[in-house]
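Single-structure report; data block below.
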Amino acid sequence: MTVTETRTLVAPGTPGRRRGGSRHYDPSRRRSILLTVLLWLCVLYFIVPLWWLFVSSTKDNSALFSTFGLWFAPELSLWDNLQTLFTIRGGLYTRWLLNTVVYSVTAAFGATLLSAMAGYAFAKYDFPGKKVLFSATLGAVMIPLTALALPTYLLFSQAGLTDTPWAVIIPSLVSPFGVYLMRVYAADAIPDTLIEAARVDGAGEFRIFWQVGLRMLGPGLVTVFLFSLVATWNNYFLPLIMLNTSELYPITVGLAQLQAAATAGGGTQALFSTVITGSFVAILPLIVAFLFLQRYWQSGLATGSVKG
Amino acid sequence: MSNAPTLNVERTTRKSAVTRRTSPTKRKQYLAAYLFLLPFFVVFITMLVIPLVYAGYLSLFESKLIGGEVFAGLDNYARALTDPQFLGGLGRVGLFFIVQVPIMLGLALFFALALDSMRARGSKGIRLLIFMPYAVPAVVATLMWGYLYGPDFGPIAQIARAVGLGTPDFLSPGNILFSMMNIVTWEFIGYNMIIMYAALRAIPAELYEAAEIDGAGQFRLAWSIKIPAIRPAIMLTVIFSIIGSFQLFAEPSLLNTIAPTVITNSFTPNYYAYNLAFINQELNYAAAVAFLLGLVIAVISYFVQLGSERSARRERKGL
């Protein structure tokens, strides 16, 4: 996988070359009803489970078992469920949500900054060892986290870092794929002439990066940030092995624990609606983030709409 | 250089003049580049390289009741290669890879091409809604599908009963792997679709115009222009899918709570390594299993890439 080959993946294109502007090729004139219907039917597969999750979070336990899953029960219990969710075990759920936010935002911020710096260096400088270092970075994409989790755990426990937030945050700072994306992105988004001009003006290399480079990397940064955010937010394996204290759990490990309690409890069925409501609340922030930032991450990944 | 003959004076001075003009700037830029790379590589080495080496080291030892840690050579690997639990798990994720990945990537490619053709109404909405499950953590997705599959209040069972089909058992030993495939497919079609779609949008217009003039239909266009053009992006999704399916963890460990008899502690190699290390306390053996799994993933990724490069070359020759 060379850089030029995969360039199409993220390279910000020059607007003039886009086929949207082409006169000969204008397929928007020929809509297909068949394709439209087919695609919207497929969308149901992706949306119905989430719809079920929403509907179920408005039901109490008996309604869960007695009413049809895809429609509301006569009585809405969403408010009660939320109250139970946020007060159960001394408000632990709120703690889990906050932990998840803190871990994933810190990790994503750090990973983005490290990736941007490294990607910028790979894209804009020639230096001895560049090829070797970049190959090592790319090769690391293939190392499975599994092979790392166990020894990382042992090393962290020797350093006394297990069962602390750092145990979740530090390993999540490495994003070889982020470096790769930033390199490809920086190569096209930051003109060499601009860097040269800044140098002639007497700006130092770091000032050029902070004031010229980072500004032009905008959509690329949002893309790497969002994808690192999701990776840490959704991570289950790493926090599961690193953390022992319930108060430190992120939402994924917390929910899994609640679910285990709900299933093992048998008689204490009250937990099912709590688990379901907890699952529904847990996915809202990320969905909102993706919707809210879609202009940025889609243009970070795709092309065209980005400044040349 | 100091005692170079005077004959060479002119050449050396010219050369040193050149180096004097570029060298300090160059050196300053080298330094800047290394400083930019430093933070990433510090974390890279401490969080990737050292643990990897350490895992390899651990896997060569054995913990004995008498004598503690003893060098065991490749014994742990020999044990893993004849361990039916490890091999069974590997077989399961292998089957998972062969069945689920083509379905998932095929559908992702279909959606990407369909949206790229711009022939459907509401393309933007379709794209976002298909992508949405990516924002759902694997834990929540598995919990949710676990309930959806459930025989009591799962809507699938409710509908099946209502039309007289009886209660389907999605969590039986024969079905659970396919139920798991469905969960992963649901989660990741959108993500893969977005990668392919982004690549499709980057294909230059000229490529299409020529084909349009030739009167090529949408299927021809997709097959002979679009798919070859985004081959690297497709390759990327294949590699990510290899890694993802061989490392399955959250899905089996969450399904274990609702189907404890079906999901054994070695259902997937990753889940097995976790159970070995944290439940059985067999750290050294767990390290060997994790290392072997990593090796399997690397080897398969390598051969898949090699195969793709070869077929790309063959295609280019054929054209």
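The way I read the labels, and the way they are meant: chains A, B, ... in the order of the structure tokens, residue 1 as the first residue of every chain, and ligand 1 as the first ligand shown, with later ones counted on from there.
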Within 9 Å of region 138-155 of chain B using only C-alpha atoms, minus same-chain residues under 4 positions, as an MDAnalysis selection string:
(chainID A and resid 49:50 52:53 64:70 234:236 252:253 255:256 259 275:276 279:280 282:283) or (chainID B and resid 133:134 159:160 167:171 179:180 182:184 186:187 250:252 254:255 258)
Hey, list the chain B side of the contact with chain A: 6 Å cut-off, only C-alpha atoms, answer as a PyMOL selection string.
chain B and resi 30+33+36-37+40+44+47+51-52+55+118-121+130+135-137+139-140+153+155+198-199+202+205+232+257+290-291+294
Convert the current residue selection to file output with N, CA and C atoms, as a PDB file, in the first residue's frame.
ATOM      1  N   TYR B  30      15.846  19.145   9.427  1.00  0.00           N
ATOM      2  CA  TYR B  30      15.888  17.769   9.931  1.00  0.00           C
ATOM      3  C   TYR B  30      15.446  17.750  11.384  1.00  0.00           C
ATOM      4  N   ALA B  33      11.812  18.288  11.819  1.00  0.00           N
ATOM      5  CA  ALA B  33      11.043  17.099  11.443  1.00  0.00           C
ATOM      6  C   ALA B  33      11.100  16.054  12.551  1.00  0.00           C
ATOM      7  N   PHE B  36       8.963  17.020  15.435  1.00  0.00           N
ATOM      8  CA  PHE B  36       7.547  16.799  15.148  1.00  0.00           C
ATOM      9  C   PHE B  36       7.182  15.325  15.320  1.00  0.00           C
ATOM     10  N   LEU B  37       8.127  14.464  14.955  1.00  0.00           N
ATOM     11  CA  LEU B  37       7.854  13.028  15.016  1.00  0.00           C
ATOM     12  C   LEU B  37       8.023  12.470  16.424  1.00  0.00           C
ATOM     13  N   PHE B  40       4.953  11.363  18.772  1.00  0.00           N
ATOM     14  CA  PHE B  40       4.264  10.172  18.268  1.00  0.00           C
ATOM     15  C   PHE B  40       5.107   8.929  18.478  1.00  0.00           C
ATOM     16  N   PHE B  44       4.492   5.544  20.360  1.00  0.00           N
ATOM     17  CA  PHE B  44       4.524   4.381  19.468  1.00  0.00           C
ATOM     18  C   PHE B  44       5.431   3.289  20.032  1.00  0.00           C
ATOM     19  N   MET B  47       4.076   2.085  23.611  1.00  0.00           N
ATOM     20  CA  MET B  47       2.775   1.421  23.631  1.00  0.00           C
ATOM     21  C   MET B  47       2.631   0.332  22.576  1.00  0.00           C
ATOM     22  N   PRO B  51       5.556  -3.400  24.240  1.00  0.00           N
ATOM     23  CA  PRO B  51       4.625  -4.481  24.592  1.00  0.00           C
ATOM     24  C   PRO B  51       4.728  -5.684  23.656  1.00  0.00           C
ATOM     25  N   LEU B  52       4.953  -5.407  22.365  1.00  0.00           N
ATOM     26  CA  LEU B  52       5.042  -6.503  21.403  1.00  0.00           C
ATOM     27  C   LEU B  52       6.248  -7.383  21.714  1.00  0.00           C
ATOM     28  N   ALA B  55       5.585  -9.283  24.891  1.00  0.00           N
ATOM     29  CA  ALA B  55       4.703 -10.426  24.677  1.00  0.00           C
ATOM     30  C   ALA B  55       5.489 -11.597  24.109  1.00  0.00           C
ATOM     31  N   MET B 118     -25.856   8.655  -7.861  1.00  0.00           N
ATOM     32  CA  MET B 118     -26.769   9.784  -7.644  1.00  0.00           C
ATOM     33  C   MET B 118     -28.127   9.555  -8.281  1.00  0.00           C
ATOM     34  N   ARG B 119     -28.580   8.321  -8.328  1.00  0.00           N
ATOM     35  CA  ARG B 119     -29.873   8.048  -8.950  1.00  0.00           C
ATOM     36  C   ARG B 119     -30.984   7.828  -7.943  1.00  0.00           C
ATOM     37  N   ALA B 120     -30.640   7.848  -6.659  1.00  0.00           N
ATOM     38  CA  ALA B 120     -31.684   7.637  -5.665  1.00  0.00           C
ATOM     39  C   ALA B 120     -32.047   8.967  -5.016  1.00  0.00           C
ATOM     40  N   ARG B 121     -33.296   9.098  -4.638  1.00  0.00           N
ATOM     41  CA  ARG B 121     -33.727  10.304  -3.924  1.00  0.00           C
ATOM     42  C   ARG B 121     -33.300  10.200  -2.465  1.00  0.00           C
ATOM     43  N   ILE B 130     -27.282   4.796   7.031  1.00  0.00           N
ATOM     44  CA  ILE B 130     -26.536   3.536   6.947  1.00  0.00           C
ATOM     45  C   ILE B 130     -25.274   3.618   7.809  1.00  0.00           C
ATOM     46  N   ALA B 135     -21.573   4.593  15.002  1.00  0.00           N
ATOM     47  CA  ALA B 135     -21.449   5.372  16.236  1.00  0.00           C
ATOM     48  C   ALA B 135     -21.936   4.597  17.460  1.00  0.00           C
ATOM     49  N   VAL B 136     -22.465   3.391  17.237  1.00  0.00           N
ATOM     50  CA  VAL B 136     -22.955   2.580  18.354  1.00  0.00           C
ATOM     51  C   VAL B 136     -21.834   1.647  18.816  1.00  0.00           C
ATOM     52  N   PRO B 137     -21.445   1.703  20.080  1.00  0.00           N
ATOM     53  CA  PRO B 137     -20.387   0.815  20.554  1.00  0.00           C
ATOM     54  C   PRO B 137     -20.762  -0.657  20.368  1.00  0.00           C
ATOM     55  N   VAL B 139     -20.448  -2.987  22.314  1.00  0.00           N
ATOM     56  CA  VAL B 139     -21.134  -3.478  23.509  1.00  0.00           C
ATOM     57  C   VAL B 139     -22.631  -3.226  23.417  1.00  0.00           C
ATOM     58  N   VAL B 140     -22.998  -1.992  23.060  1.00  0.00           N
ATOM     59  CA  VAL B 140     -24.417  -1.651  22.962  1.00  0.00           C
ATOM     60  C   VAL B 140     -25.063  -2.415  21.808  1.00  0.00           C
ATOM     61  N   PHE B 153     -39.118 -11.141  24.686  1.00  0.00           N
ATOM     62  CA  PHE B 153     -39.668  -9.891  24.174  1.00  0.00           C
ATOM     63  C   PHE B 153     -38.936  -9.382  22.935  1.00  0.00           C
ATOM     64  N   PRO B 155     -38.593  -8.608  19.203  1.00  0.00           N
ATOM     65  CA  PRO B 155     -39.619  -8.385  18.178  1.00  0.00           C
ATOM     66  C   PRO B 155     -39.568  -9.401  17.045  1.00  0.00           C
ATOM     67  N   ALA B 198     -15.994   7.729  -0.279  1.00  0.00           N
ATOM     68  CA  ALA B 198     -15.030   8.831  -0.336  1.00  0.00           C
ATOM     69  C   ALA B 198     -14.066   8.629  -1.493  1.00  0.00           C
ATOM     70  N   ALA B 199     -13.645   7.384  -1.692  1.00  0.00           N
ATOM     71  CA  ALA B 199     -12.726   7.097  -2.798  1.00  0.00           C
ATOM     72  C   ALA B 199     -13.422   7.301  -4.148  1.00  0.00           C
ATOM     73  N   ALA B 202     -13.574  10.758  -5.403  1.00  0.00           N
ATOM     74  CA  ALA B 202     -12.299  11.347  -5.786  1.00  0.00           C
ATOM     75  C   ALA B 202     -11.847  10.944  -7.185  1.00  0.00           C
ATOM     76  N   ALA B 205     -13.276  13.355 -13.183  1.00  0.00           N
ATOM     77  CA  ALA B 205     -14.415  13.345 -14.094  1.00  0.00           C
ATOM     78  C   ALA B 205     -14.076  12.794 -15.476  1.00  0.00           C
ATOM     79  N   PRO B 232      -7.501   0.465  -4.119  1.00  0.00           N
ATOM     80  CA  PRO B 232      -6.753   0.650  -2.864  1.00  0.00           C
ATOM     81  C   PRO B 232      -7.666   0.855  -1.650  1.00  0.00           C
ATOM     82  N   THR B 257     -23.141 -13.705  28.298  1.00  0.00           N
ATOM     83  CA  THR B 257     -24.035 -13.537  29.439  1.00  0.00           C
ATOM     84  C   THR B 257     -25.444 -14.029  29.137  1.00  0.00           C
ATOM     85  N   ALA B 290      -1.886 -14.950  22.030  1.00  0.00           N
ATOM     86  CA  ALA B 290      -2.080 -13.620  21.453  1.00  0.00           C
ATOM     87  C   ALA B 290      -1.068 -13.359  20.339  1.00  0.00           C
ATOM     88  N   PHE B 291       0.174 -13.785  20.584  1.00  0.00           N
ATOM     89  CA  PHE B 291       1.233 -13.577  19.600  1.00  0.00           C
ATOM     90  C   PHE B 291       0.952 -14.375  18.326  1.00  0.00           C
ATOM     91  N   GLY B 294      -1.767 -12.729  16.383  1.00  0.00           N
ATOM     92  CA  GLY B 294      -1.227 -11.580  15.660  1.00  0.00           C
ATOM     93  C   GLY B 294      -0.499 -12.018  14.401  1.00  0.00           C
TER      94      GLY B 294
END
Selection near Ala72 (chain B), 10 Å with only C-alpha atoms, sequence-local residues under 4 positions removed, as a list in words
Leu58, Ser59, Leu60, Phe61, Glu62, Ser63, Asn76, Tyr77 and Asn284 of chain B
Residue set, region 34-225 of chain B restricted to strand (DSSP E), as a ChimeraX atom specification
/B:61-64,68-71
As a PyMOL selection string, list the residues of region 159-266 of chain A assigned to helix (DSSP H, G or I) by DSSP on the backbone atoms of this structure.
chain A and resi 165-173+176-189+192-200+205-216+218-233+237-242+246-248+251-265
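Between CA of Arg231 (chain B) and CA of Leu295 (chain B) there is a distance of 25.0 Å.
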